[in-house]
Amino acid sequence: MKRIGVLTFVGFVALYFVGSAAWALDLGEWVPGLKLSPFLSERVEYETNVFQVPSHSKDDVIFKTIPGFVADYTFGAHSLSAGYRAEILRYVDLTNQDTVHHIAVGQLRLDFPRLLLGLKDDFTRTSDPPGTELTGRIKSTTNVLKPEAEYRITSRLSTGLNYAWTRVRFDDATIGDLIDRDEHVIGGSVFWKLVPKADVGLTYSYGRTEFTTSSDRDYTSHGVAIGLRGDLTAKLSSSFRAGYYLRVPEHSDQPGFSGFRFGGDFTYRPTERTTIVLVAERSPQESTFENTPFYVTTNASLIAQHQILPKLSIGARIGGGVNDYVTKQTVFAKTDWRRDTFLAAGAQAEYAIQPWLRLGLEYLRTSRDSNFAPFSFVDDKVTGRVTLQF
C-alpha cells in the first residue's frame with residue numbers, strides 16, 4: 001500500500017498498533033497484573049498509483065489482514081509491555097508484491113522512588129518506504145534499541161541519560177549499498193518540572209553513524225535541544241523539542257550540516273470528544289539521490305479526531321513539507337539542487353458496532369512535486385476496514 005513512507009509524519013496517527021483500545025482481557029486471576037488485548041483487522045484498499053511514479057501508474061486492490069496483540073504486565077510501580085502485529089498483504093493483480101510485514105515492540109519500565117529506568121525495543125520489517133524520498137514498495141528491516149535512566153534530585157529537578165542504537169537494512173542492494181547503517185546516539189539531560197505533570201528539559205547528544213558499505217558517508221553529530229514533555233495543562237500535552245544540530249562528515253569531500261532542528265508534537269483536547277494533534281519536524285535524512293548523502297526535510301501535519309455520536313467518530317488530516325538537497329546534481333540533462341514539496345490530505349470515519357467490533361472508511365491523497373519532473377507523483381487511496389479487538 002503506498003502509504004507515504006513518502007510522508008512519515010502522516011504515520012503519526014498509527015503510532016499505536018490499531019488505534020484506541022477496546023476491551024482488554026484481564027488475566028489477573030492467573031497472573032496478577034497481566035492484561036492482554038488481541039486484535040484482528042481486515043482491510044480492503046484501492047490504490048491508484050502503487051509505485052508512486054509520475055506516469056504510467058499501476059492501480060490495484062490490496063487485501064490486508066492484520067492480526068496481533070498488546071500485552072501489559074504491571075507489578076507494583078513497575079511495568080512490562082509488549083506488542084506485535086503482522087500485516088499480510090495480498091494484491092489482486094500485482095501478486096509479485098505480496099508480502100508480510102512484522103512490527104513488534106517491547107518496553108520495560110522500573111519506577112523506584114528516585115530512579116526511573118527504561119528499556120524499549122522497536123522492530124519493523126516492512127515494504128513501506130521510509131522517509132520522504134523513496135517511493136513504491138521497498139523492503140527493509142529497522143530495529144531501534146533505547147535504554148534510558150532518570151534520577152530525581154529533588155521533587156522538581158532531575159537528570160537523565162539515554163542511548164539509542166538504530167540498525168537499518170534494505171533488501172535491495174542498490175539502496176542498501178548507499179544507506180544501510182548503524183546509528184549510535186548517547187545523550188544527557190536536565191529536567192525542571194514546570195507543572196505537576198510536565199517539565200522542560202535541556203539535552204546534549206553525541207552521535208556516530210557508520211554505513212555498512214558506503215563508509216565514506218560516515219559522520220559524527222552533536223545536538224543541543226530544549227524540549228517540553230508531559231501534560232502542560234488538563235487539555236494540552238507535548239513531546240516537542242527544538243535546538244541546534246551539527247553533522248560532521250569523517251571525509252572532507254562530503255558535505256556537512258549545521259542548523260536548526262526540531263521534532264515532536266502538541267496534542268490539544270478541547271473536549272472529551274475532540275482531539276487535535278500538530279506534528280512537526282526539521283532534520284537531515286539519508287539520501288539515495290545520485291551522490292547526495294542527505295537532504296533536509298521540513299514538514300508539519302495537523303490531525304483532528306471528533307466523536308460526533310457515541311458510536312461514530314470522524315477524522316481529518318492535512319500535512320506537507322519540503323525536502324532540500326545539499327548538493328547540485330545533473331539528471332536528465334538538467335543541473336540543479338533538487339527540491340521536493342509534498343502533501344498529504346485525507347479523511348476517515350469509524351463506527352463502533354460493539355466495543356470490540358469497529359467499521360472504518362478512509363480516503364488519503366498523497367502527492368509530491370519536484371523540480372526534477374521524474375520524481376513527481378500523485379496517489380489516491382480508499383480503504384475500508386473491519387477491526388475486532390478484545
# chains A, B, ... in the order shown; residues from 1 in each chain; ligands from 1
call {"tool": "residues_around", "arguments": {"residues": "A:Gly259", "least_positions_apart": "5", "cutoff": "12 Å", "atoms": "only C-alpha atoms", "output": "list of chain:residue names"}}
result
A:Ser221, A:His222, A:Gly223, A:Val224, A:Ala225, A:Ala242, A:Gly243, A:Tyr244, A:Tyr245, A:Leu246, A:Arg247, A:Arg282, A:Ser283, A:Pro284, A:Val296
call {"tool": "write_last_selection", "arguments": {"atoms": "C-alpha atoms", "output": "compact mmCIF listing (two decimals), in the first residue's frame"}}
result
# COMPACT_ATOMS: atom_id res chain seq x y z
CA SER A 221 26.92 14.55 15.24
CA HIS A 222 26.32 16.95 18.11
CA GLY A 223 22.96 18.29 19.20
CA VAL A 224 21.64 20.66 21.84
CA ALA A 225 17.88 20.92 22.32
CA ALA A 242 13.98 22.14 19.24
CA GLY A 243 17.62 23.13 19.09
CA TYR A 244 20.91 23.24 17.19
CA TYR A 245 22.35 20.27 15.31
CA LEU A 246 25.82 19.75 13.85
CA ARG A 247 26.64 16.93 11.41
CA ARG A 282 13.02 19.51 10.61
CA SER A 283 16.08 17.27 10.30
CA PRO A 284 18.67 15.84 7.88
CA VAL A 296 16.94 18.34 4.89
call {"tool": "atom_distance", "arguments": {"atom1": "atom CA of A:Glu45", "atom2": "atom CA of A:Ile62"}}
result
5.1 Å
call {"tool": "closest_residue", "arguments": {"among": "A:Leu361, A:Val31, A:Ile175, A:Ala149", "to": "A:Gly187", "atoms": "only C-alpha atoms"}}
result
A:Ala149
call {"tool": "residues_around", "arguments": {"residues": "A:Thr141", "least_positions_apart": "3", "cutoff": "9 Å", "atoms": "only C-alpha atoms", "output": "PyMOL selection string"}}
result
chain A and resi 123-127+167-171
call {"tool": "write_last_selection", "arguments": {"atoms": "C-alpha atoms", "output": "short mmCIF file (atom, residue, chain, number, x, y, z; two decimals), in the first residue's frame"}}
result
data_model
loop_
_atom_site.label_atom_id
_atom_site.label_comp_id
_atom_site.auth_asym_id
_atom_site.auth_seq_id
_atom_site.Cartn_x
_atom_site.Cartn_y
_atom_site.Cartn_z
CA PHE A 123 11.39 -3.85 15.37
CA THR A 124 9.89 -3.23 11.92
CA ARG A 125 10.03 -5.43 8.84
CA THR A 126 8.09 -3.68 6.07
CA SER A 127 7.81 -2.84 2.38
CA ARG A 167 20.04 -0.51 12.74
CA VAL A 168 18.71 -0.08 9.17
CA ARG A 169 18.98 -2.67 6.39
CA PHE A 170 17.41 -2.79 2.89
CA ASP A 171 16.82 -5.90 0.78
#
call {"tool": "select_by_dssp", "arguments": {"residues": "stretch 267-351 of chain A", "states": "strand (DSSP E)", "output": "PyMOL selection string"}}
result
chain A and resi 267-271+274-286+294-309+312-331+334-351
call {"tool": "residues_around", "arguments": {"residues": "A:Ile353", "least_positions_apart": "2", "cutoff": "12 Å", "atoms": "only C-alpha atoms", "output": "PyMOL selection string"}}
result
chain A and resi 22+310-313+350-351+355-360+386-389
call {"tool": "select_by_dssp", "arguments": {"residues": "stretch 102-324 of chain A", "states": "alpha helix (DSSP H)", "output": "list in words"}}
result
Ala173, Thr174, Ile175, Gly176, Asp177, Leu178 and Ile179 of chain A
call {"tool": "write_last_selection", "arguments": {"atoms": "N, CA, C and O atoms", "output": "PDB file, in the first residue's frame"}}
result
ATOM      1  N   ALA A 173      20.005  -4.157  -2.874  1.00  0.00           N
ATOM      2  CA  ALA A 173      21.406  -3.765  -2.705  1.00  0.00           C
ATOM      3  C   ALA A 173      21.702  -2.386  -3.275  1.00  0.00           C
ATOM      4  O   ALA A 173      22.598  -1.684  -2.779  1.00  0.00           O
ATOM      5  N   THR A 174      20.966  -1.963  -4.319  1.00  0.00           N
ATOM      6  CA  THR A 174      21.228  -0.638  -4.892  1.00  0.00           C
ATOM      7  C   THR A 174      20.889   0.465  -3.891  1.00  0.00           C
ATOM      8  O   THR A 174      21.439   1.564  -3.977  1.00  0.00           O
ATOM      9  N   ILE A 175      19.987   0.172  -2.967  1.00  0.00           N
ATOM     10  CA  ILE A 175      19.663   1.120  -1.896  1.00  0.00           C
ATOM     11  C   ILE A 175      20.554   0.869  -0.689  1.00  0.00           C
ATOM     12  O   ILE A 175      21.148   1.789  -0.118  1.00  0.00           O
ATOM     13  N   GLY A 176      20.653  -0.421  -0.297  1.00  0.00           N
ATOM     14  CA  GLY A 176      21.416  -0.766   0.892  1.00  0.00           C
ATOM     15  C   GLY A 176      22.877  -0.386   0.803  1.00  0.00           C
ATOM     16  O   GLY A 176      23.479   0.019   1.807  1.00  0.00           O
ATOM     17  N   ASP A 177      23.477  -0.502  -0.378  1.00  0.00           N
ATOM     18  CA  ASP A 177      24.888  -0.137  -0.516  1.00  0.00           C
ATOM     19  C   ASP A 177      25.124   1.327  -0.214  1.00  0.00           C
ATOM     20  O   ASP A 177      26.250   1.730   0.109  1.00  0.00           O
ATOM     21  N   LEU A 178      24.069   2.139  -0.324  1.00  0.00           N
ATOM     22  CA  LEU A 178      24.200   3.564  -0.048  1.00  0.00           C
ATOM     23  C   LEU A 178      23.845   3.921   1.389  1.00  0.00           C
ATOM     24  O   LEU A 178      24.563   4.703   2.034  1.00  0.00           O
ATOM     25  N   ILE A 179      22.741   3.354   1.939  1.00  0.00           N
ATOM     26  CA  ILE A 179      22.253   3.856   3.231  1.00  0.00           C
ATOM     27  C   ILE A 179      22.006   2.788   4.298  1.00  0.00           C
ATOM     28  O   ILE A 179      21.441   3.100   5.345  1.00  0.00           O
TER      29      ILE A 179
END
call {"tool": "residues_around", "arguments": {"residues": "A:Asp369", "least_positions_apart": "6", "cutoff": "7 Å", "atoms": "only C-alpha atoms", "output": "PyMOL selection string"}}
result
chain A and resi 340-342+376-377
call {"tool": "write_last_selection", "arguments": {"atoms": "C-alpha atoms", "output": "PDB file, in the first residue's frame"}}
result
ATOM      1  CA  ASP A 340      10.648  18.479  -3.496  1.00  0.00           C
ATOM      2  CA  THR A 341       7.392  19.659  -1.972  1.00  0.00           C
ATOM      3  CA  PHE A 342       4.940  17.043  -0.734  1.00  0.00           C
ATOM      4  CA  SER A 376       6.753  13.929  -9.018  1.00  0.00           C
ATOM      5  CA  PHE A 377       3.643  11.828  -8.456  1.00  0.00           C
TER       6      PHE A 377
END
call {"tool": "residues_around", "arguments": {"residues": "A:Arg156", "least_positions_apart": "5", "cutoff": "8 Å", "atoms": "only C-alpha atoms", "output": "ChimeraX atom specification"}}
result
/A:191-194
call {"tool": "write_last_selection", "arguments": {"atoms": "N, CA and C atoms", "output": "tab-separated table (two decimals), in the first residue's frame"}}
result
chain	number	residue	atom	x	y	z
A	191	PHE	N	16.17	18.08	33.63
A	191	PHE	CA	14.74	18.39	33.55
A	191	PHE	C	14.31	19.23	34.76
A	192	TRP	N	13.45	20.21	34.48
A	192	TRP	CA	12.87	21.04	35.54
A	192	TRP	C	11.35	20.98	35.41
A	193	LYS	N	10.69	20.56	36.49
A	193	LYS	CA	9.24	20.39	36.45
A	193	LYS	C	8.56	21.75	36.48
A	194	LEU	N	7.86	22.06	35.39
A	194	LEU	CA	7.14	23.33	35.29
A	194	LEU	C	5.81	23.27	36.04
call {"tool": "residues_around", "arguments": {"residues": "A:Leu36", "least_positions_apart": "5", "cutoff": "10 Å", "atoms": "only C-alpha atoms", "output": "MDAnalysis selection string"}}
result
chainID A and resid 23:27 69:73 81:83 390
call {"tool": "closest_residue", "arguments": {"among": "A:Pro38, A:Pro270, A:Gly315, A:Pro249", "to": "A:Arg217", "atoms": "only C-alpha atoms"}}
result
A:Pro249
call {"tool": "atom_distance", "arguments": {"atom1": "atom CA of A:Ile103", "atom2": "atom CA of A:Asp122"}}
result
7.7 Å
call {"tool": "atom_distance", "arguments": {"atom1": "atom CA of A:Arg208", "atom2": "atom CA of A:Ile226"}}
result
21.1 Å
call {"tool": "decode", "arguments": {"residues": "stretch 200-234 of chain A", "atoms": "C-alpha atoms", "output": "compact mmCIF listing (two decimals), in the first residue's frame"}}
result
# COMPACT_ATOMS: atom_id res chain seq x y z
CA VAL A 200 11.18 21.40 30.41
CA GLY A 201 14.44 19.70 29.52
CA LEU A 202 17.86 20.66 28.19
CA THR A 203 19.64 17.85 26.31
CA TYR A 204 23.05 17.40 24.76
CA SER A 205 23.56 14.42 22.45
CA TYR A 206 26.55 12.94 20.67
CA GLY A 207 26.13 10.51 17.80
CA ARG A 208 28.10 8.41 15.39
CA THR A 209 26.70 6.86 12.21
CA GLU A 210 28.55 4.11 10.36
CA PHE A 211 27.44 2.95 6.91
CA THR A 212 27.79 -0.73 6.06
CA THR A 213 29.14 -0.26 2.52
CA SER A 214 29.43 3.48 1.81
CA SER A 215 31.86 4.18 4.64
CA ASP A 216 32.82 7.49 3.02
CA ARG A 217 29.42 8.73 4.31
CA ASP A 218 30.25 8.06 7.98
CA TYR A 219 29.73 11.03 10.27
CA THR A 220 29.55 12.19 13.87
CA SER A 221 26.92 14.55 15.24
CA HIS A 222 26.32 16.95 18.11
CA GLY A 223 22.96 18.29 19.20
CA VAL A 224 21.64 20.66 21.84
CA ALA A 225 17.88 20.92 22.32
CA ILE A 226 15.23 22.27 24.65
CA GLY A 227 12.09 20.19 24.99
CA LEU A 228 8.66 20.17 26.60
CA ARG A 229 7.19 16.85 27.72
CA GLY A 230 4.05 15.84 29.53
CA ASP A 231 0.69 17.46 30.26
CA LEU A 232 1.20 21.23 30.23
CA THR A 233 -2.47 21.75 31.12
CA ALA A 234 -5.51 19.50 31.51
